[in-house]
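Notes for the one structure printed next.
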Amino acid sequence: MPRWKIFLSRYLRWSSTVTQALVLSIITFCVILPVCCHRLLYSYFFIKSMYLESMSDQVLQESLKQGQEALHFWQSTSTSLASSQFTDVAKHPELLVTVVTAARREGRDFHYLLQMMKQLVGLIGGCGEQRCAEVLVCDVESSSLGNKDASLLDSHFRVIRRSPEEQQRSRDGVNTFEREKQDYVFCLRKGWELVRPKNLVVLEDDALPKPDFFAIIKDLLSRRFALQTLYIKLYHPERLQRYWNPEPFRILEWIGLGLLAATALLLSFPYWNPFSFSFTLSAGHLVFFTLYFMAAAELMGRHYLLEVRRISPQLYAVSPATECCTPAMLFPGNASLRVAEYLDGSFCMEGKAKDMVLYQMVRTIPGVRAHSVEPNLITHIGAYSSVRKNPARPKLL
């Protein structure tokens, strides 16, 4: 008998684990995952050419609708009576939320600030009799046109702005990234000077808090690591949350997930094996299934696995801080003053924005630590930026 027939008869029988592994891989990665994941935005199987444009348009239309509803909400007279309590900011609160806002020349009809403030008020109202946070709006718009959305909130919240002299100094000969950093530092310091909070959250005006926002922050502040951290990032772009990433902790998480899933599956085969697999808890089979589950998790999208953690605040993962980005930051204790001082001593430019400066601070100064929490505590709704050039038609990716 020819050698190739001997090989086929030995290894390509269903009783052979090589055949079973090959068939299982083909069915999983060529049939099941492509069919199930081709509409998942952050999956490798997502078909951009078919779905990206329509999904982007749908999200923009929904955001526009939410923006108009938020505008009507804040313009209504009943709203003024309901939210007047936020104009009086108590001293030394457990948590202060400072919202940094600037006017947008494009996408003004989306009213991002009004959307997120409506959401914020709803979440604080759901905290019970004891308010879970005080709120400041920090309007850093320096143009003569002003920030109409922030002005609309004047009667509802304490809104802080630069004096005319400070505005002039902030506009003198600085690039976009340095001006953005200066605005951030101004809001950090002003919030501390006015309120002296025990902890500070800084949100950019297009950072829409998730429903469990305050519950997770309370849980984070109760953990021991919060006493030694400079800041905790509450958001990382979903497209950058993959396992295949330079962050070492994700590689360990990835391997651990594969090992756990592989071990559980192999241990279950003696009790439940509808397809008559011949796999056992051997080293070779364990390695195969570890790689199998690692590949499946990465191709499907780590973002969707992270969403399972929302079941409980204790399941949220805390890890070393990542580079990008700063739409939502938690500064425990007086850490915001240290951050403001360090940012003040650095000059920002293209390729060295404030998030990169903070990341370098953590990596270069001994004893300084910073963390990130996953999944995200906010949704980044800002398709149009207030400081950077915008595309004609923003897309989700």
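FYI, nothing fancy with the structure tokens labels: chains A, B, ... in order, residues from 1 per chain, ligands from 1 as they appear.
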Which residues of range 253-340 of chain A have any atom within 7 Å of an atom in range 360-382 of chain A when counting only C-alpha atoms, and what is the closest pair of atoms for each, with the distance in Å to one decimal? Order the rows by chain and rising number and write it as a Markdown table.
| residue | atom | partner | partner_atom | distance |
| --- | --- | --- | --- | --- |
| A:Leu306 | CA | A:Pro375 | CA | 5.5 |
| A:Glu307 | CA | A:Pro375 | CA | 6.2 |
| A:Tyr316 | CA | A:Glu374 | CA | 5.7 |
| A:Ala317 | CA | A:Glu374 | CA | 5.2 |
| A:Val318 | CA | A:Val373 | CA | 4.6 |
| A:Ser319 | CA | A:Ser372 | CA | 5.4 |
| A:Pro320 | CA | A:His371 | CA | 4.4 |
| A:Ala321 | CA | A:His371 | CA | 4.0 |
| A:Thr322 | CA | A:Ser372 | CA | 6.8 |
As a CSV table (one decimal) with N, CA, C and O atoms, in the first residue's frame, please: the residues near range 275-285 of chain A (cut-off 8 Å, only C-alpha atoms, same-chain neighbours under 5 positions excluded).
chain,number,residue,atom,x,y,z
A,15,SER,N,-11.7,8.5,14.6
A,15,SER,CA,-11.2,8.1,15.9
A,15,SER,C,-9.8,8.7,16.2
A,15,SER,O,-9.4,8.7,17.4
A,16,SER,N,-9.2,9.3,15.2
A,16,SER,CA,-7.9,10.0,15.4
A,16,SER,C,-8.1,11.4,15.9
A,16,SER,O,-8.9,12.1,15.4
A,17,THR,N,-7.4,11.7,17.0
A,17,THR,CA,-7.5,13.1,17.5
A,17,THR,C,-7.0,14.1,16.6
A,17,THR,O,-7.5,15.3,16.7
A,20,GLN,N,-10.0,14.9,14.5
A,20,GLN,CA,-11.0,15.6,15.3
A,20,GLN,C,-10.6,17.0,15.5
A,20,GLN,O,-11.4,18.0,15.4
A,263,THR,N,-8.9,23.2,30.2
A,263,THR,CA,-8.9,22.3,31.3
A,263,THR,C,-10.3,21.9,31.6
A,263,THR,O,-10.7,20.7,31.8
A,266,LEU,N,-11.7,19.5,28.8
A,266,LEU,CA,-11.1,18.2,28.8
A,266,LEU,C,-11.6,17.4,30.0
A,266,LEU,O,-11.8,16.2,29.9
A,267,LEU,N,-11.8,18.1,31.1
A,267,LEU,CA,-12.3,17.4,32.3
A,267,LEU,C,-13.8,17.0,32.2
A,267,LEU,O,-14.3,16.0,32.8
A,269,PHE,N,-15.2,15.9,29.3
A,269,PHE,CA,-15.4,14.8,28.3
A,269,PHE,C,-15.8,13.5,28.8
A,269,PHE,O,-16.6,12.8,28.2
What does the structure give for the distance between CA of Ser336 in chain A and CA of Arg309 in chain A, in Å to one decimal?
28.2 Å
Which residue is closest to Asp344 in chain A? Choose from A:Leu188, A:Leu96, A:Val195, A:Leu153 and count only C-alpha atoms.
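Counting only C-alpha atoms, the residue closest to Asp344 in chain A is A:Leu188.
Picture a line from CA of Pro237 in chain A to CA of Ser49 in chain A; it runs 21.5 Å.
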For CA of Phe177 in chain A and CA of Glu247 in chain A, quote the distance in Å rounded to one decimal.
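According to the coordinates, CA of Phe177 in chain A and CA of Glu247 in chain A are separated by 25.2 Å.
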Which residues are near Ala133 in chain A? Cut-off 8 Å, only C-alpha atoms, ignore same chain within fewer than 6 positions. Put them as a count of residues only.
6
How would you write, as a list in words, the set of residues in range 245-347 of chain A that DSSP gives as strand (DSSP E)?
Ala317, Val318, Ser319, Pro320, Ala328, Met329, Leu330, Phe331 and Pro332 of chain A
Which residues come within 12 Å of Asn175 in chain A, counting only C-alpha atoms, excluding same-chain residues fewer than 5 positions away, as a list in words?
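The residues satisfying every condition are Ser170, Glu180, Lys181, Gln182, Phe347, Cys348, Met349, Glu350, Lys352, Ala353, Val387 and Arg388 of chain A.
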Using all heavy atoms, can you write the selected residues to a file as a short mmCIF file (atom, residue, chain, number, x, y, z; two decimals), in the first residue's frame?
data_model
loop_
_atom_site.label_atom_id
_atom_site.label_comp_id
_atom_site.auth_asym_id
_atom_site.auth_seq_id
_atom_site.Cartn_x
_atom_site.Cartn_y
_atom_site.Cartn_z
N SER A 170 -4.06 81.97 27.77
CA SER A 170 -4.16 80.60 27.30
C SER A 170 -4.17 80.50 25.78
O SER A 170 -3.90 79.44 25.22
CB SER A 170 -5.45 79.95 27.84
OG SER A 170 -6.61 80.51 27.23
N GLU A 180 -5.02 72.13 24.99
CA GLU A 180 -5.87 71.12 25.61
C GLU A 180 -5.33 70.73 26.99
O GLU A 180 -6.11 70.56 27.94
CB GLU A 180 -5.94 69.88 24.70
CG GLU A 180 -6.88 68.80 25.21
CD GLU A 180 -6.85 67.56 24.33
OE1 GLU A 180 -5.86 67.34 23.61
OE2 GLU A 180 -7.83 66.79 24.38
N LYS A 181 -4.01 70.61 27.09
CA LYS A 181 -3.40 70.29 28.38
C LYS A 181 -3.62 71.41 29.39
O LYS A 181 -3.96 71.17 30.56
CB LYS A 181 -1.91 70.02 28.21
CG LYS A 181 -1.19 69.63 29.49
CD LYS A 181 0.22 70.16 29.54
CE LYS A 181 0.26 71.65 29.82
NZ LYS A 181 1.63 72.16 29.97
N GLN A 182 -3.43 72.65 28.96
CA GLN A 182 -3.63 73.79 29.85
C GLN A 182 -5.07 73.86 30.35
O GLN A 182 -5.32 74.18 31.52
CB GLN A 182 -3.25 75.09 29.13
CG GLN A 182 -1.76 75.25 28.87
CD GLN A 182 -1.44 76.55 28.16
OE1 GLN A 182 -2.31 77.39 27.95
NE2 GLN A 182 -0.18 76.72 27.78
N PHE A 347 5.54 70.29 28.14
CA PHE A 347 4.97 70.98 26.97
C PHE A 347 4.44 69.93 26.00
O PHE A 347 5.16 69.02 25.60
CB PHE A 347 6.03 71.84 26.29
CG PHE A 347 5.47 72.71 25.19
CD1 PHE A 347 4.83 73.91 25.48
CD2 PHE A 347 5.55 72.31 23.86
CE1 PHE A 347 4.30 74.70 24.47
CE2 PHE A 347 5.02 73.09 22.85
CZ PHE A 347 4.40 74.30 23.16
N CYS A 348 3.18 70.05 25.64
CA CYS A 348 2.53 69.07 24.77
C CYS A 348 2.57 69.51 23.31
O CYS A 348 2.55 70.70 23.00
CB CYS A 348 1.08 68.85 25.21
SG CYS A 348 0.92 68.02 26.78
N MET A 349 2.63 68.53 22.46
CA MET A 349 2.65 68.77 21.01
C MET A 349 2.13 67.51 20.32
O MET A 349 1.79 66.53 20.99
CB MET A 349 4.07 69.09 20.53
CG MET A 349 5.06 67.96 20.78
SD MET A 349 6.78 68.44 20.48
CE MET A 349 7.09 69.35 21.98
N GLU A 350 2.09 67.53 19.01
CA GLU A 350 1.64 66.35 18.27
C GLU A 350 2.57 65.18 18.57
O GLU A 350 3.79 65.30 18.50
CB GLU A 350 1.61 66.63 16.77
CG GLU A 350 0.97 65.51 15.97
CD GLU A 350 0.77 65.87 14.52
OE1 GLU A 350 1.13 67.00 14.12
OE2 GLU A 350 0.24 65.02 13.77
N LYS A 352 2.80 63.94 21.51
CA LYS A 352 3.06 64.04 22.95
C LYS A 352 1.90 64.79 23.59
O LYS A 352 2.07 65.84 24.19
CB LYS A 352 4.39 64.75 23.21
CG LYS A 352 4.86 64.67 24.66
CD LYS A 352 6.10 65.52 24.89
CE LYS A 352 6.50 65.56 26.35
NZ LYS A 352 7.64 66.48 26.59
N ALA A 353 0.72 64.21 23.48
CA ALA A 353 -0.47 64.81 24.10
C ALA A 353 -0.46 64.51 25.59
O ALA A 353 0.40 63.80 26.10
CB ALA A 353 -1.73 64.26 23.44
N VAL A 387 -11.27 69.77 19.34
CA VAL A 387 -9.89 70.25 19.24
C VAL A 387 -9.15 69.71 18.03
O VAL A 387 -8.09 70.23 17.67
CB VAL A 387 -9.09 69.90 20.52
CG1 VAL A 387 -9.64 70.65 21.71
CG2 VAL A 387 -9.07 68.41 20.77
N ARG A 388 -9.67 68.69 17.37
CA ARG A 388 -8.96 68.09 16.25
C ARG A 388 -9.80 68.16 14.97
O ARG A 388 -11.00 68.36 15.03
CB ARG A 388 -8.58 66.64 16.57
CG ARG A 388 -7.53 66.53 17.67
CD ARG A 388 -7.33 65.08 18.11
NE ARG A 388 -6.31 64.96 19.14
CZ ARG A 388 -6.50 65.20 20.42
NH1 ARG A 388 -7.71 65.58 20.84
NH2 ARG A 388 -5.52 65.07 21.29
#
Pick the closest to Leu52 in chain A from A:Ile311, A:Ile32, A:Leu260, A:Leu396: which is it, counting only C-alpha atoms?
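Using only C-alpha atoms, the shortest distance to Leu52 in chain A belongs to A:Leu396.
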Between A:Leu123, A:Leu64, A:Ala295, A:Val31, which residue has the minimum interatomic distance to Asp212 in chain A, considering only C-alpha atoms?
A:Leu123
Option closest in space to Val357 in chain A, from A:Leu145, A:Lys389, A:Pro332, A:Cys324 [counting only C-alpha atoms]
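That would be A:Cys324, the residue with the smallest distance to Val357 in chain A.
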Which residue gives the smallest distance to Thr101 in chain A among A:Met116, A:Ile26, A:Val121, A:Val174, with only C-alpha atoms counted?
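Between A:Met116, A:Ile26, A:Val121, A:Val174, the residue approaching Thr101 in chain A most closely is A:Met116.
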Which of range 19-149 of chain A counts as helix (DSSP H, G or I) under DSSP, as number ranges by chain please?
A: 19-37, 48-75, 77-87, 108-110, 112-125, 148-149
